[in-house]
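> After the structure tokens below, expect a handful of questions from me.
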Amino acid sequence: MSRILKHRLFWPLVILVALLALNLFFTDNFFKIEMKEGHLYGSVIDIVRFGAPLILVSLGMTLVIATSGIDLSVGSVVAIAGALACLRISDLSDQNSVGGVLGAVGLALVLSVVLGAWNGFLVAGIGIQPIIATLILMVAGRGLAQLITDGQITTVNSSPYKLIGGGYWLTLPFGIIVVAVVLALTAFLTRRLALGLLIESVGGNAEASRLAGISARGVLMTVYAFCGLCAGIAGLMISSNVSSADGNNAGLWIELDAILAVVIGGTPLSGGRFSLSGTVLGALIIQTLTTTIYSIGVPPETTLLFKALVVTIVCLIQSPAFRTKVFHRRRRPVTASPAPEEKVRVTA
Amino acid sequence: MTGITGLLDRRRAIPQKYIPVLVTAGLFVAMFVAGGIRYENFATGQIILNVFIDNAFLLVVAVGMTFVILTGGIDLSVGSVVALATMLSASLLKDGWPAYAVMVLVLVIGAVLGLAMGAIIHYFEIQPFIVTLAGMFLARGLCYTISTESIPIDNPTFTDIAQSRINLGGDLSVSPSAVIAVVVVLIAAYALHYTRLGRNVYATGGSEQSALLMGLPVARTKIAVYTISGFCSALGGLLFAFYSLSGYGLSAVGMELDAIAAVVIGGTLLTGGSGFLFGTVLGVLVLGLIQTIISFEGTLSSWWTKIFIGLLLFVFILLQRVFSGGSRRRSP
Amino acid sequence: MAAPAPILRMSGIGKQFPGVKALDGVDFRLLPGEVHALMGENGAGKSTLIKVLTGVYDIDAGEIELEGRRVAFSSPLAAQQAGISTVYQEVNLCANLSVAENIFIGREPRRFGRIQWKAMRRRAEEILARLDLDLDVSAPLSSYSLAIQQMVAIARAVDIDAKVLILDEPTSSLDAGEVAQLFRVMRRLKEQGIAILFVSHFLDQIYEISDRMTVLRNGTLVGEYLTSELSQVELIGKMIGRELADLEKLEERPPASEGAPLIEAEKLGRTGAIQPFTLTIREGEVVGLAGLLGSGRTEIARLLFGADHAGTGSLKIGGEPVNLRTPRSAVSRKLAFCSENRRAEGLIPDLTVRENLVLALQASRGWTRPIPRRRQDELVDKYIAALNIRPANPDQLIKNLSGGNQQKVLLARWLILEPRLLILDEPTRGIDVGAKAEIQRLVAELSDGGMAVLFISAELEEVLRLSHRVGVLRDRRLVAELDNDEGLTTDTLTETIASGARS
């Protein structure tokens with residue numbers, strides 16, 4: 001029992017289950033999943049579907065945070081990717097041509113990777129603090145997105161494009177499939193291949209990693225580029241869902257939600273360790289929170305208050321300083337102080 | 001290229017700490033001159049005064065942000081606190097509260113919010129980024145719980161302040177808000193330079209560890225800067241309420257970024273310990289002048305503002321790295 | 001001349017850390033107007049003694065008297081207020097503030113709450129003038145050299161009515177001119193009756209400046225001596241002592257086979273770190289580096305591994321000229337380096353034993369070629385068993401292991417790579433007796449198997465026991481290379497370190 005309690009995903013899972021359970025009292029058939037016209041429908045499916053872009057962005061953010069960095073520019077990349085894809089598609093003679101849409105999507109994703117790599121270059125190449133390095137693209141990127149769409153909301157009417165964010169495939173919303181694929185890919189790269197180990201190593205102790213022969217620069221570039229790619233896919237999903245690109249509002253403040261999802265999921269902002277499943281849980285918690293507030297009839301205005309509350313509680317629980325200060329009398333730190341080892345040599 | 005070498009040469013004559021501010025000042029002058037050549041009726045004193053008038057609230061908010069950033073922290077909540085201040089003022093005035101009581105209450109609430117965030121940051125050792133992010137959600141959420149609609153302000157005290165202009169002689173005039181903002185800047189500059197609190201802010205930002213060992217009150221200083229930032233945001237919110245004569249939960253969205261950008265463009269290092277309030281003033285003026293130029297240009301779209309600001313940020317951060325490069329140790 | 005009453009007296013000081021006696025019954029006294037050197041090798045208890053004195057740690061036994069009154073400080077600040085100021089090797093000032101501010105911050109002259117900058121600058125100049133320093137006090141501290149910064153720190157310390165000034169390795173990063181300047185200041189303070197406790201690893205400096213010295217070894221007091229009455233050789237003997245004989249005896253070292261030269265460093269050097277040195281290491285050979293702390297031992301290791309860039313000279317590995325730009329390129333040439341600073345430069349604390357163990361191998365393979373889980377298990381099990389790593393749980397976080405076991409994991413991290421040259425910087429420091437013996441035996445076995453080893457240790461007996469050849473360092477210079485034959489003893493080594501040349 002205590003092992004379950006100590007598991008780092010325990011509290012996020014409890015919060016998520018509690019939020020879902022809350023819905024049961026207010027929404028009939030909350031957990032009911034129906035098959036309509038060959039598509040799956042249901043509130044739970046909707047949570048995952050609407051949460052898909054956030055999950056994607058959060059996945060990329062998780063890896064960046066694991067290197068003890070941060071990426072504020074993802075919201076702008078979301079907008080740019082959507083804007084570029086929509087612009088290219090609207091220029092097509094036949095907006096329904098699959099090849100044309102694929103080309104547009106590919107171009108948008110390549111640009112996203114380039115933008116991510118730019119962040120990586122500023123952080124790893126020039127050595128600018130991640131928060132400032134990515135602030136540049138956060139500010140300028142919003143302008144770039146509007147520049148691409150010429151300040152208008154670019155609408156497209158393309159069924160292949162619509163599939164990405166609004167369509168169904170094999171009875172499931174396509175967005176869920178995309179998330180599943182990206183999640184599987186991320187898990188594969190980090191946990192099956194060795195990228196995760198190198199990321200955690202660089203985030204945990206950059207100098208020791210360098211001395212162990214790791215190219216920290218390469219790892220950082222890869223991670224920021226990957227974060228850009230995730231944001232790009234999320235951008236396509238968001239713009240496809242509404243069949244339009246809004247350079248101004250698409251993905252606005254998604255970076256904050258993503259950072260939140262990562263932190264709630266138990267990945268510390270100081271880096272060194274990450275949990276992909278925790279991040280997915282965190283993103284789902286945020287999405288469920290929004291859905292719950294709608295479904296229990298609280299005005300949506302209070303979403304933010306709830307969010308503030310959840311963030312504060314989760315962060316306090318995870319702060320060692322908070323735990324020692326509040327639970328000091330009950331628990332003493334378990335690990336012995338390693339301090340004397342440096343001071344004293346036990347000579348044989 | 002010559003610009004860089006020129007700067008490097010001048011470095012010997014001018015203390016290095018003033019270089020970033022001077023770069024910004026030079027840029028501001030260059031922009032002003034370029035605008036004057038390109039547009040009629042641009043190179044007038046009133047243009048600069050208008051920048052002050054239109055950005056008085058941003059200036060006040062950026063002053064608070066400068067304190068926080070000088071200690072090496074960050075405050076993401078300022079935009080939301082500005083909105084909360086406008087909302088509180090508008091709704092309380094609608095309920096018939098006296099204007100001055102509203103102002104005092106709003107300022108106190110802003111300061112208390114900042115105090116609470118500062119205390120959490122210091123005592124529970126949670127990163128400022130996350131704490132003030134939560135503060136941002138909280139303040140914005142409070143706005144929406146008050147109302148999701150815009151609430152107009154028709155209190156006579158507020159409308160008087162909003163509409164009055166102080167004549168400076170000639171054809172020049174400023175709004176009371178701009179005067180308040182300038183007074184805040186002066187008080188803050190005095191506090192940073194001539195009081196122990198101000199010097200402790202610099203010391204804490206320079207090296208928290210050393211400041212502790214030198215026996216400085218680091219805890220008090222860190223909490224104080226967030227309190228000041230909260231207070232400045234609330235005051236900025238009041239000025240914004242004078243400016244817009246309404247309270248709206250969606251106002252000042254993203255103002256924290258403008259404030260951070262102004263501070264960084266003004267030459268203050270985000271790592272803390274180095275920078276001047278005068279730089280922040282220049283940063284706000286540069287941002288304001290970009291807006292003015294774009295409005296004069298007419299055909300140029302507003303998104304160029306964002307791209308320009310992004311580019312400026314990049315250039316300044318790069319310059320800062322060039323000039324502070326010597327002090328960094330072995331790079332990884 | 002009758003000795004004046006001590007201003008500070010510490011008697012029977014004991015300090016216990018979990019599992020380790022850091023100080024045991026140490027007596028120490030400090031007279032006004034003297035420079036007193038505190039001597040001892042790493043881990044002898046010098047810094048612990050300073051820390052219990054200044055209130056960083058509590059004492060478990062004994063008492064401290066300042067000017068005849070019993071004291072116990074709760075913090076460095078409390079000690080400072082009582083007149084005991086400390087200046088550390090790493091200057092604890094704010095480099096972004098001006099010189100004057102650094103002297104006065106927290107105590108600025110004020111009128112009606114307003115800081116009187118002019119008065120502050122004038123008083124700062126006066127204080128500095130008393131130390132024979134003429135600085136622009138309104139310039140930021142960062143514009144001055146480390147030496148000046150240190151003296152500003154001293155000025156600040158002295159101005160807070162210091163009776164006792166502790167200088168903890170203030171000279172380790174200063175050049176000769178700067179040291180001379182610091183010593184002038186110290187003599188000035190001495191004349192003013194301030195008692196100075198001085199820690200340095202440079203013997204020449206100790207002999208130049210100190211009046212008396214107290215030698216510690218393994219947390220116990222060896223003795224207190226007048227500097228003029230103790231020769232350098234005697235001093236080093238007292239600091240290093242005789243190794244206790246409870247280590248298992250190693251087999252007689254077979255003579256190093258005449259292996260091919262693996263590493264040929266030619267006038268390799270780096271300004272401020274190590275003067276150009278020439279060193280050859282052959283395959284199957286253990287080369288020891290001996291010298292006091294700060295003599296340049298670690299710097300040689302870092303240059304050979306590409307952790308720092310060499311400023312001068314050339315390096316050949318296996319006869320091929322190389323330019324090691326990063327540790328990565330060194331690793332790809334089968335070089336391995338176990339840093340002395342386990343915590344900062346070795347461990348990834350939040351990763352498990354398994355992950356720390358395979359890290360270097362994984363790094364050399366690149367992230368696209370993961371090590372199969374079964375191979376990981378084989379490797380991890382093999383090295384946990386071979387090096388007797390406890391607890392034998394590969395999924396334990398490495399930060400929860402003891403120092404010795406952490407060290408073994410880091411060793412294993414490199415052994416997996418089967419390097420041609422293994423650089424070990426203080427591999428046995430701070431670890432228990434058993435682990436120490438195991439590591440020493442391992443080094444012997446590895447070199448018998450043909451691996452070249454560069455072995456750095458502060459313990460001369462250990463160096464002698466393991467090495468075929470010993471390089472002797474002093475003051476950042478490789479002063480001698482001695483063959484480890486019958487004639488080489490700890491005494492001759494000590495002699496060489498002390499004199500700076502082969503006797």
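Every chain in the structure tokens has a letter given in the order shown (A, B, ...), and although residue numbers restart at 1 in each chain, ligands are simply numbered from 1 in the order shown.
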Return the neighbours of chain B among the residues of chain C, cut-off 9 Å, counting only C-alpha atoms, as a ChimeraX atom specification.
/C:76-77,91-97,101-102,105-108,110,113-117,139-140,142,308
> Once you have the residues from the selection above, write them out as a JSON list (two decimals), in the first residue's frame, restricted to N, CA and C atoms.

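See again-v4.json below for the written result:
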```json
[["chain", "number", "residue", "atom", "x", "y", "z"],
["C", 76, "PRO", "N", 27.50, 31.59, 10.75],
["C", 76, "PRO", "CA", 28.67, 32.39, 10.40],
["C", 76, "PRO", "C", 28.44, 33.86, 10.73],
["C", 77, "LEU", "N", 27.18, 34.30, 10.61],
["C", 77, "LEU", "CA", 26.88, 35.69, 10.90],
["C", 77, "LEU", "C", 27.14, 36.00, 12.37],
["C", 91, "VAL", "N", 35.39, 33.88, -3.50],
["C", 91, "VAL", "CA", 35.07, 35.15, -2.86],
["C", 91, "VAL", "C", 33.56, 35.26, -2.69],
["C", 92, "ASN", "N", 33.14, 35.39, -1.43],
["C", 92, "ASN", "CA", 31.71, 35.48, -1.19],
["C", 92, "ASN", "C", 31.27, 36.94, -1.11],
["C", 93, "LEU", "N", 31.43, 37.63, -2.22],
["C", 93, "LEU", "CA", 30.95, 39.00, -2.32],
["C", 93, "LEU", "C", 30.06, 39.07, -3.56],
["C", 94, "CYS", "N", 29.48, 40.23, -3.77],
["C", 94, "CYS", "CA", 28.64, 40.39, -4.95],
["C", 94, "CYS", "C", 29.44, 41.15, -6.01],
["C", 95, "ALA", "N", 29.88, 40.44, -7.02],
["C", 95, "ALA", "CA", 30.78, 41.03, -8.01],
["C", 95, "ALA", "C", 30.10, 42.12, -8.83],
["C", 96, "ASN", "N", 28.76, 42.13, -8.82],
["C", 96, "ASN", "CA", 28.06, 43.14, -9.61],
["C", 96, "ASN", "C", 28.01, 44.50, -8.91],
["C", 97, "LEU", "N", 28.32, 44.52, -7.62],
["C", 97, "LEU", "CA", 28.29, 45.79, -6.89],
["C", 97, "LEU", "C", 29.68, 46.43, -6.87],
["C", 101, "GLU", "N", 30.64, 49.40, -2.08],
["C", 101, "GLU", "CA", 29.43, 48.75, -1.57],
["C", 101, "GLU", "C", 29.73, 47.41, -0.96],
["C", 102, "ASN", "N", 30.63, 46.66, -1.60],
["C", 102, "ASN", "CA", 30.94, 45.35, -1.07],
["C", 102, "ASN", "C", 31.54, 45.44, 0.32],
["C", 105, "ILE", "N", 28.05, 47.05, 2.37],
["C", 105, "ILE", "CA", 26.63, 46.72, 2.24],
["C", 105, "ILE", "C", 26.08, 46.11, 3.52],
["C", 106, "GLY", "N", 24.89, 46.55, 3.87],
["C", 106, "GLY", "CA", 24.29, 46.14, 5.13],
["C", 106, "GLY", "C", 24.65, 47.09, 6.26],
["C", 107, "ARG", "N", 25.71, 47.89, 6.07],
["C", 107, "ARG", "CA", 26.14, 48.82, 7.12],
["C", 107, "ARG", "C", 26.42, 50.19, 6.51],
["C", 108, "GLU", "N", 25.74, 50.53, 5.42],
["C", 108, "GLU", "CA", 26.04, 51.76, 4.71],
["C", 108, "GLU", "C", 25.81, 52.97, 5.60],
["C", 110, "ARG", "N", 24.23, 56.22, 6.54],
["C", 110, "ARG", "CA", 22.96, 56.78, 6.05],
["C", 110, "ARG", "C", 22.61, 58.04, 6.80],
["C", 113, "GLY", "N", 17.80, 57.62, 6.34],
["C", 113, "GLY", "CA", 17.52, 56.48, 5.50],
["C", 113, "GLY", "C", 18.16, 56.55, 4.12],
["C", 114, "ARG", "N", 18.79, 57.70, 3.81],
["C", 114, "ARG", "CA", 19.37, 57.84, 2.49],
["C", 114, "ARG", "C", 20.84, 57.46, 2.56],
["C", 115, "ILE", "N", 21.25, 56.61, 1.67],
["C", 115, "ILE", "CA", 22.64, 56.16, 1.68],
["C", 115, "ILE", "C", 23.55, 57.32, 1.28],
["C", 116, "GLN", "N", 24.57, 57.56, 2.09],
["C", 116, "GLN", "CA", 25.51, 58.64, 1.81],
["C", 116, "GLN", "C", 26.65, 58.06, 0.96],
["C", 117, "TRP", "N", 26.46, 58.12, -0.34],
["C", 117, "TRP", "CA", 27.44, 57.48, -1.22],
["C", 117, "TRP", "C", 28.82, 58.10, -1.08],
["C", 139, "ALA", "N", 34.17, 51.47, -8.94],
["C", 139, "ALA", "CA", 34.14, 50.50, -10.03],
["C", 139, "ALA", "C", 33.54, 49.19, -9.52],
["C", 140, "PRO", "N", 32.87, 48.45, -10.40],
["C", 140, "PRO", "CA", 32.31, 47.18, -9.93],
["C", 140, "PRO", "C", 33.41, 46.21, -9.54],
["C", 142, "SER", "N", 33.68, 43.23, -10.07],
["C", 142, "SER", "CA", 34.01, 42.26, -11.12],
["C", 142, "SER", "C", 35.11, 42.77, -12.04],
["C", 308, "ASP", "N", 39.70, 20.19, -20.48],
["C", 308, "ASP", "CA", 40.10, 21.58, -20.72],
["C", 308, "ASP", "C", 40.91, 21.61, -22.00]]
```
> Using only C-alpha atoms and a cut-off of 7 Å, which residues of chain A sit close to chain B? Please list them as a list in words.
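Every residue meeting the condition is included here: Ile136, Leu137, Val139, Ala140, Arg142, Gly143, Leu144, Gln146, Leu147, Glu207, Glu301, Thr302, Thr303, Leu304, Leu305, Lys307, Ala308, Val311, Thr312, Ser319, Ala321 and Phe322 of chain A.
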> Grab the residues selected above and save them as a CSV table (one decimal), in the first residue's frame with N, CA and C atoms.

```csv
chain,number,residue,atom,x,y,z
A,136,ILE,N,12.0,35.0,-27.2
A,136,ILE,CA,12.2,35.7,-28.5
A,136,ILE,C,11.2,35.2,-29.5
A,137,LEU,N,11.2,33.8,-29.7
A,137,LEU,CA,10.3,33.3,-30.7
A,137,LEU,C,8.9,33.4,-30.3
A,139,VAL,N,7.5,35.9,-28.8
A,139,VAL,CA,7.0,37.2,-29.2
A,139,VAL,C,7.0,37.4,-30.7
A,140,ALA,N,8.1,37.1,-31.3
A,140,ALA,CA,8.2,37.3,-32.8
A,140,ALA,C,7.3,36.3,-33.6
A,142,ARG,N,4.4,35.0,-32.9
A,142,ARG,CA,3.0,35.4,-33.0
A,142,ARG,C,2.9,36.4,-34.2
A,143,GLY,N,3.9,37.3,-34.3
A,143,GLY,CA,3.9,38.2,-35.5
A,143,GLY,C,4.0,37.5,-36.8
A,144,LEU,N,5.0,36.5,-36.8
A,144,LEU,CA,5.2,35.7,-38.0
A,144,LEU,C,3.9,35.0,-38.5
A,146,GLN,N,0.9,35.9,-37.9
A,146,GLN,CA,0.0,36.8,-38.5
A,146,GLN,C,0.4,37.3,-39.9
A,147,LEU,N,1.8,37.4,-40.0
A,147,LEU,CA,2.3,37.8,-41.3
A,147,LEU,C,2.0,36.8,-42.3
A,207,GLU,N,27.7,18.9,-16.5
A,207,GLU,CA,29.2,18.7,-16.6
A,207,GLU,C,29.6,17.3,-16.5
A,301,GLU,N,-16.0,30.8,-16.3
A,301,GLU,CA,-15.1,31.8,-15.9
A,301,GLU,C,-14.2,31.4,-14.7
A,302,THR,N,-14.7,30.4,-14.0
A,302,THR,CA,-14.0,30.0,-12.8
A,302,THR,C,-13.0,28.9,-13.1
A,303,THR,N,-12.9,28.5,-14.4
A,303,THR,CA,-11.9,27.5,-14.7
A,303,THR,C,-10.5,27.9,-14.2
A,304,LEU,N,-10.2,29.2,-14.4
A,304,LEU,CA,-8.8,29.6,-14.0
A,304,LEU,C,-8.6,29.6,-12.5
A,305,LEU,N,-9.7,29.9,-11.7
A,305,LEU,CA,-9.6,29.8,-10.3
A,305,LEU,C,-9.2,28.4,-9.9
A,307,LYS,N,-7.9,26.1,-11.7
A,307,LYS,CA,-6.6,25.8,-12.2
A,307,LYS,C,-5.5,26.3,-11.2
A,308,ALA,N,-5.7,27.6,-10.8
A,308,ALA,CA,-4.8,28.2,-9.8
A,308,ALA,C,-4.7,27.3,-8.6
A,311,VAL,N,-2.9,23.9,-9.4
A,311,VAL,CA,-1.5,24.1,-9.5
A,311,VAL,C,-0.8,24.4,-8.2
A,312,THR,N,-1.4,25.2,-7.4
A,312,THR,CA,-0.8,25.5,-6.1
A,312,THR,C,-0.7,24.3,-5.2
A,319,SER,N,6.9,20.2,-3.4
A,319,SER,CA,8.1,21.0,-2.9
A,319,SER,C,8.7,20.3,-1.6
A,321,ALA,N,10.8,21.6,0.4
A,321,ALA,CA,10.8,22.6,1.4
A,321,ALA,C,9.4,22.6,2.1
A,322,PHE,N,8.4,22.6,1.3
A,322,PHE,CA,7.0,22.6,1.9
A,322,PHE,C,6.8,21.4,2.8
```
> Among stretch 106-203 of chain A, which residues carry a DSSP assignment of strand (DSSP E), reported as a PyMOL selection string?
chain A and resi 153-155+168-169+172-173
> Could you write out the selected residues, including C-alpha atoms, as a PDB file, in the first residue's frame?

```pdb
ATOM      1  CA  ILE A 153      -8.296  34.345 -40.383  1.00  0.00           C
ATOM      2  CA  THR A 154      -7.452  32.062 -43.295  1.00  0.00           C
ATOM      3  CA  THR A 155     -10.242  29.575 -43.906  1.00  0.00           C
ATOM      4  CA  TYR A 168     -12.440   9.850 -37.662  1.00  0.00           C
ATOM      5  CA  TRP A 169     -10.417   6.858 -38.671  1.00  0.00           C
ATOM      6  CA  LEU A 172     -11.633   6.713 -33.431  1.00  0.00           C
ATOM      7  CA  PRO A 173     -11.156  10.451 -33.702  1.00  0.00           C
TER       8      PRO A 173
END
```
> For C:Ile154, list every protein, DNA or RNA residue within 10 Å, evaluated using only C-alpha atoms, and leave out those in the same chain fewer than 3 positions away; present the list as a list of chain:residue names.
C:Ser85, C:Thr86, C:Val87, C:Tyr88, C:Val91, C:Ile103, C:Leu128, C:Leu131, C:Ile148, C:Gln149, C:Gln150, C:Met151, C:Ala157, C:Val158, C:Asp159, C:Ile160, C:Ala162, C:Leu165, C:Ile166, C:Leu167, C:Leu182, C:Val185, C:Met186, C:Leu189
> Can you tell me, as a PDB file with C-alpha atoms, in the first residue's frame, what residues are no more than 8 Å from stretch 65-72 of chain A when counting only C-alpha atoms, ignoring any on the same chain fewer than 4 positions away?

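Dumped to around37.pdb:
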```pdb
ATOM      1  CA  MET A  61       7.755  20.257 -23.339  1.00  0.00           C
ATOM      2  CA  PRO A 130      16.192  28.836 -22.184  1.00  0.00           C
ATOM      3  CA  ILE A 131      13.449  31.077 -20.839  1.00  0.00           C
ATOM      4  CA  THR A 134      12.412  30.958 -26.318  1.00  0.00           C
ATOM      5  CA  LEU A 135      10.763  34.229 -25.289  1.00  0.00           C
ATOM      6  CA  MET A 138       7.279  33.491 -28.479  1.00  0.00           C
ATOM      7  CA  ILE A 199      18.348  13.705 -21.768  1.00  0.00           C
ATOM      8  CA  GLU A 200      18.033  12.862 -18.087  1.00  0.00           C
ATOM      9  CA  VAL A 202      22.249  16.207 -19.293  1.00  0.00           C
ATOM     10  CA  GLY A 203      19.388  17.609 -17.207  1.00  0.00           C
ATOM     11  CA  GLY A 204      20.669  15.987 -14.018  1.00  0.00           C
ATOM     12  CA  LEU A 220      19.680  19.876 -26.593  1.00  0.00           C
ATOM     13  CA  TYR A 224      14.169  21.532 -28.837  1.00  0.00           C
ATOM     14  CA  GLU A 255       2.766  26.886 -23.362  1.00  0.00           C
ATOM     15  CA  LEU A 256       1.544  27.673 -19.872  1.00  0.00           C
ATOM     16  CA  THR A 267       8.460  16.083 -13.965  1.00  0.00           C
ATOM     17  CA  PRO A 268      10.379  18.630 -11.897  1.00  0.00           C
ATOM     18  CA  LEU A 269      11.109  21.999 -13.502  1.00  0.00           C
ATOM     19  CA  SER A 270      14.708  21.547 -12.433  1.00  0.00           C
ATOM     20  CA  GLY A 271      15.056  18.681 -14.882  1.00  0.00           C
ATOM     21  CA  GLY A 272      16.906  15.392 -14.621  1.00  0.00           C
ATOM     22  CA  ARG A 273      13.922  13.065 -14.637  1.00  0.00           C
ATOM     23  CA  PHE A 274      10.786  12.901 -16.715  1.00  0.00           C
TER      24      PHE A 274
END
```
> Which neighbours of A:Leu84 fall inside 7 Å, counting only C-alpha atoms, when residues of the same chain fewer than 4 positions from it are skipped, and could you give them as a list in words?
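Contacts, with the query itself left out: Ile80, Arg88, Ala108 and Ile148 of chain A.
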> Work out how far atom CA of A:Ser275 is from atom CA of A:Gly167, in Å to one decimal.
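Taking atom CA of A:Gly167 as the start and atom CA of A:Ser275 as the end point, the length is 29.4 Å.
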> Would you compute the distance between atom CA of B:Phe42 and atom CA of B:Thr292? Give it in Å to one decimal.
9.3 Å
> Write out as an mmCIF file with N, CA and C atoms, in the first residue's frame each polymer residue whose atoms come within 8 Å of stretch 11-16 of chain C, counting only C-alpha atoms; drop sequence neighbours fewer than 6 positions from it.

```cif
data_model
loop_
_atom_site.group_PDB
_atom_site.id
_atom_site.type_symbol
_atom_site.label_atom_id
_atom_site.label_comp_id
_atom_site.auth_asym_id
_atom_site.auth_seq_id
_atom_site.Cartn_x
_atom_site.Cartn_y
_atom_site.Cartn_z
ATOM 1 N N ALA C 22 35.040 13.071 12.343
ATOM 2 C CA ALA C 22 35.706 14.099 11.550
ATOM 3 C C ALA C 22 36.774 14.803 12.376
ATOM 4 N N LEU C 23 36.476 15.029 13.643
ATOM 5 C CA LEU C 23 37.444 15.643 14.547
ATOM 6 C C LEU C 23 37.380 14.876 15.850
ATOM 7 N N ASP C 24 38.543 14.660 16.424
ATOM 8 C CA ASP C 24 38.567 13.894 17.654
ATOM 9 C C ASP C 24 39.567 14.531 18.609
ATOM 10 N N GLY C 25 39.073 15.191 19.620
ATOM 11 C CA GLY C 25 39.919 15.765 20.656
ATOM 12 C C GLY C 25 40.967 16.736 20.147
ATOM 13 N N VAL C 26 40.591 17.612 19.263
ATOM 14 C CA VAL C 26 41.559 18.550 18.687
ATOM 15 C C VAL C 26 41.660 19.808 19.552
ATOM 16 N N ASP C 27 42.886 20.185 19.882
ATOM 17 C CA ASP C 27 43.131 21.451 20.572
ATOM 18 C C ASP C 27 43.710 22.435 19.568
ATOM 19 N N PHE C 28 43.345 23.677 19.729
ATOM 20 C CA PHE C 28 43.853 24.688 18.812
ATOM 21 C C PHE C 28 43.813 26.026 19.513
ATOM 22 N N ASP C 58 27.649 22.386 14.541
ATOM 23 C CA ASP C 58 27.743 22.333 16.004
ATOM 24 C C ASP C 58 28.908 21.425 16.373
ATOM 25 N N ILE C 59 29.414 21.597 17.587
ATOM 26 C CA ILE C 59 30.433 20.642 18.025
ATOM 27 C C ILE C 59 29.778 19.590 18.894
ATOM 28 N N ASP C 60 30.359 18.378 18.845
ATOM 29 C CA ASP C 60 29.835 17.299 19.666
ATOM 30 C C ASP C 60 30.562 17.233 21.006
ATOM 31 N N ALA C 61 31.793 17.705 21.003
ATOM 32 C CA ALA C 61 32.563 17.649 22.241
ATOM 33 C C ALA C 61 33.536 18.816 22.254
ATOM 34 N N GLY C 62 33.983 19.188 23.463
ATOM 35 C CA GLY C 62 34.976 20.244 23.589
ATOM 36 C C GLY C 62 34.356 21.614 23.750
ATOM 37 N N GLU C 63 35.232 22.601 23.871
ATOM 38 C CA GLU C 63 34.710 23.954 24.026
ATOM 39 C C GLU C 63 35.570 24.986 23.307
ATOM 40 N N ILE C 64 34.946 26.111 23.005
ATOM 41 C CA ILE C 64 35.617 27.195 22.306
ATOM 42 C C ILE C 64 35.578 28.428 23.197
#
```
> Got a sec: who's within 8 Å of A:Gly175, counting only C-alpha atoms, leaving out chain neighbours fewer than 4 positions off, as a list in words?
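The contact residues come out as Arg49, Ala52, Ile164, Gly165, Gly166, Gly167, Val179 and Met237 of chain A.
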> Using only C-alpha atoms, pick whichever of C:Leu379, C:Ala363, C:Leu464, C:Ala273 has the shortest atom-to-atom distance to chain A.
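The answer is C:Ala363, which sits nearest to chain A.
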> Between atom CA of C:Leu203 and atom CA of C:Leu8, what is the spacing in Å?
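Atom-to-atom, atom CA of C:Leu8 to atom CA of C:Leu203, that is 24.5 Å.
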> Considering only C-alpha atoms, state which residue in the set C:Gly219, C:Pro391, C:Pro109, C:Gly269 is at the smallest distance from chain A.
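Residue with the minimum atom-to-atom distance to chain A: C:Gly219.
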> Looking only at the backbone, which of the residues in stretch 53-227 of chain C does DSSP tag as helix (DSSP H, G or I), as JSON, numbers by chain?
{"C": [53, 76, 77, 78, 79, 80, 81, 99, 100, 101, 102, 103, 104, 117, 118, 119, 120, 121, 122, 123, 124, 125, 126, 127, 128, 129, 130, 141, 142, 143, 146, 147, 148, 149, 150, 151, 152, 153, 154, 155, 156, 157, 158, 159, 176, 177, 178, 179, 180, 181, 182, 183, 184, 185, 186, 187, 188, 189, 190, 191, 203, 204, 205, 206, 207, 208, 209, 227]}
> So, with only C-alpha atoms as the atoms that count, which of C:Ile348, C:Leu442, C:Leu454, C:Ile209 lies closest to C:Ala301?
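Smallest separation from C:Ala301 among the options: C:Leu454.
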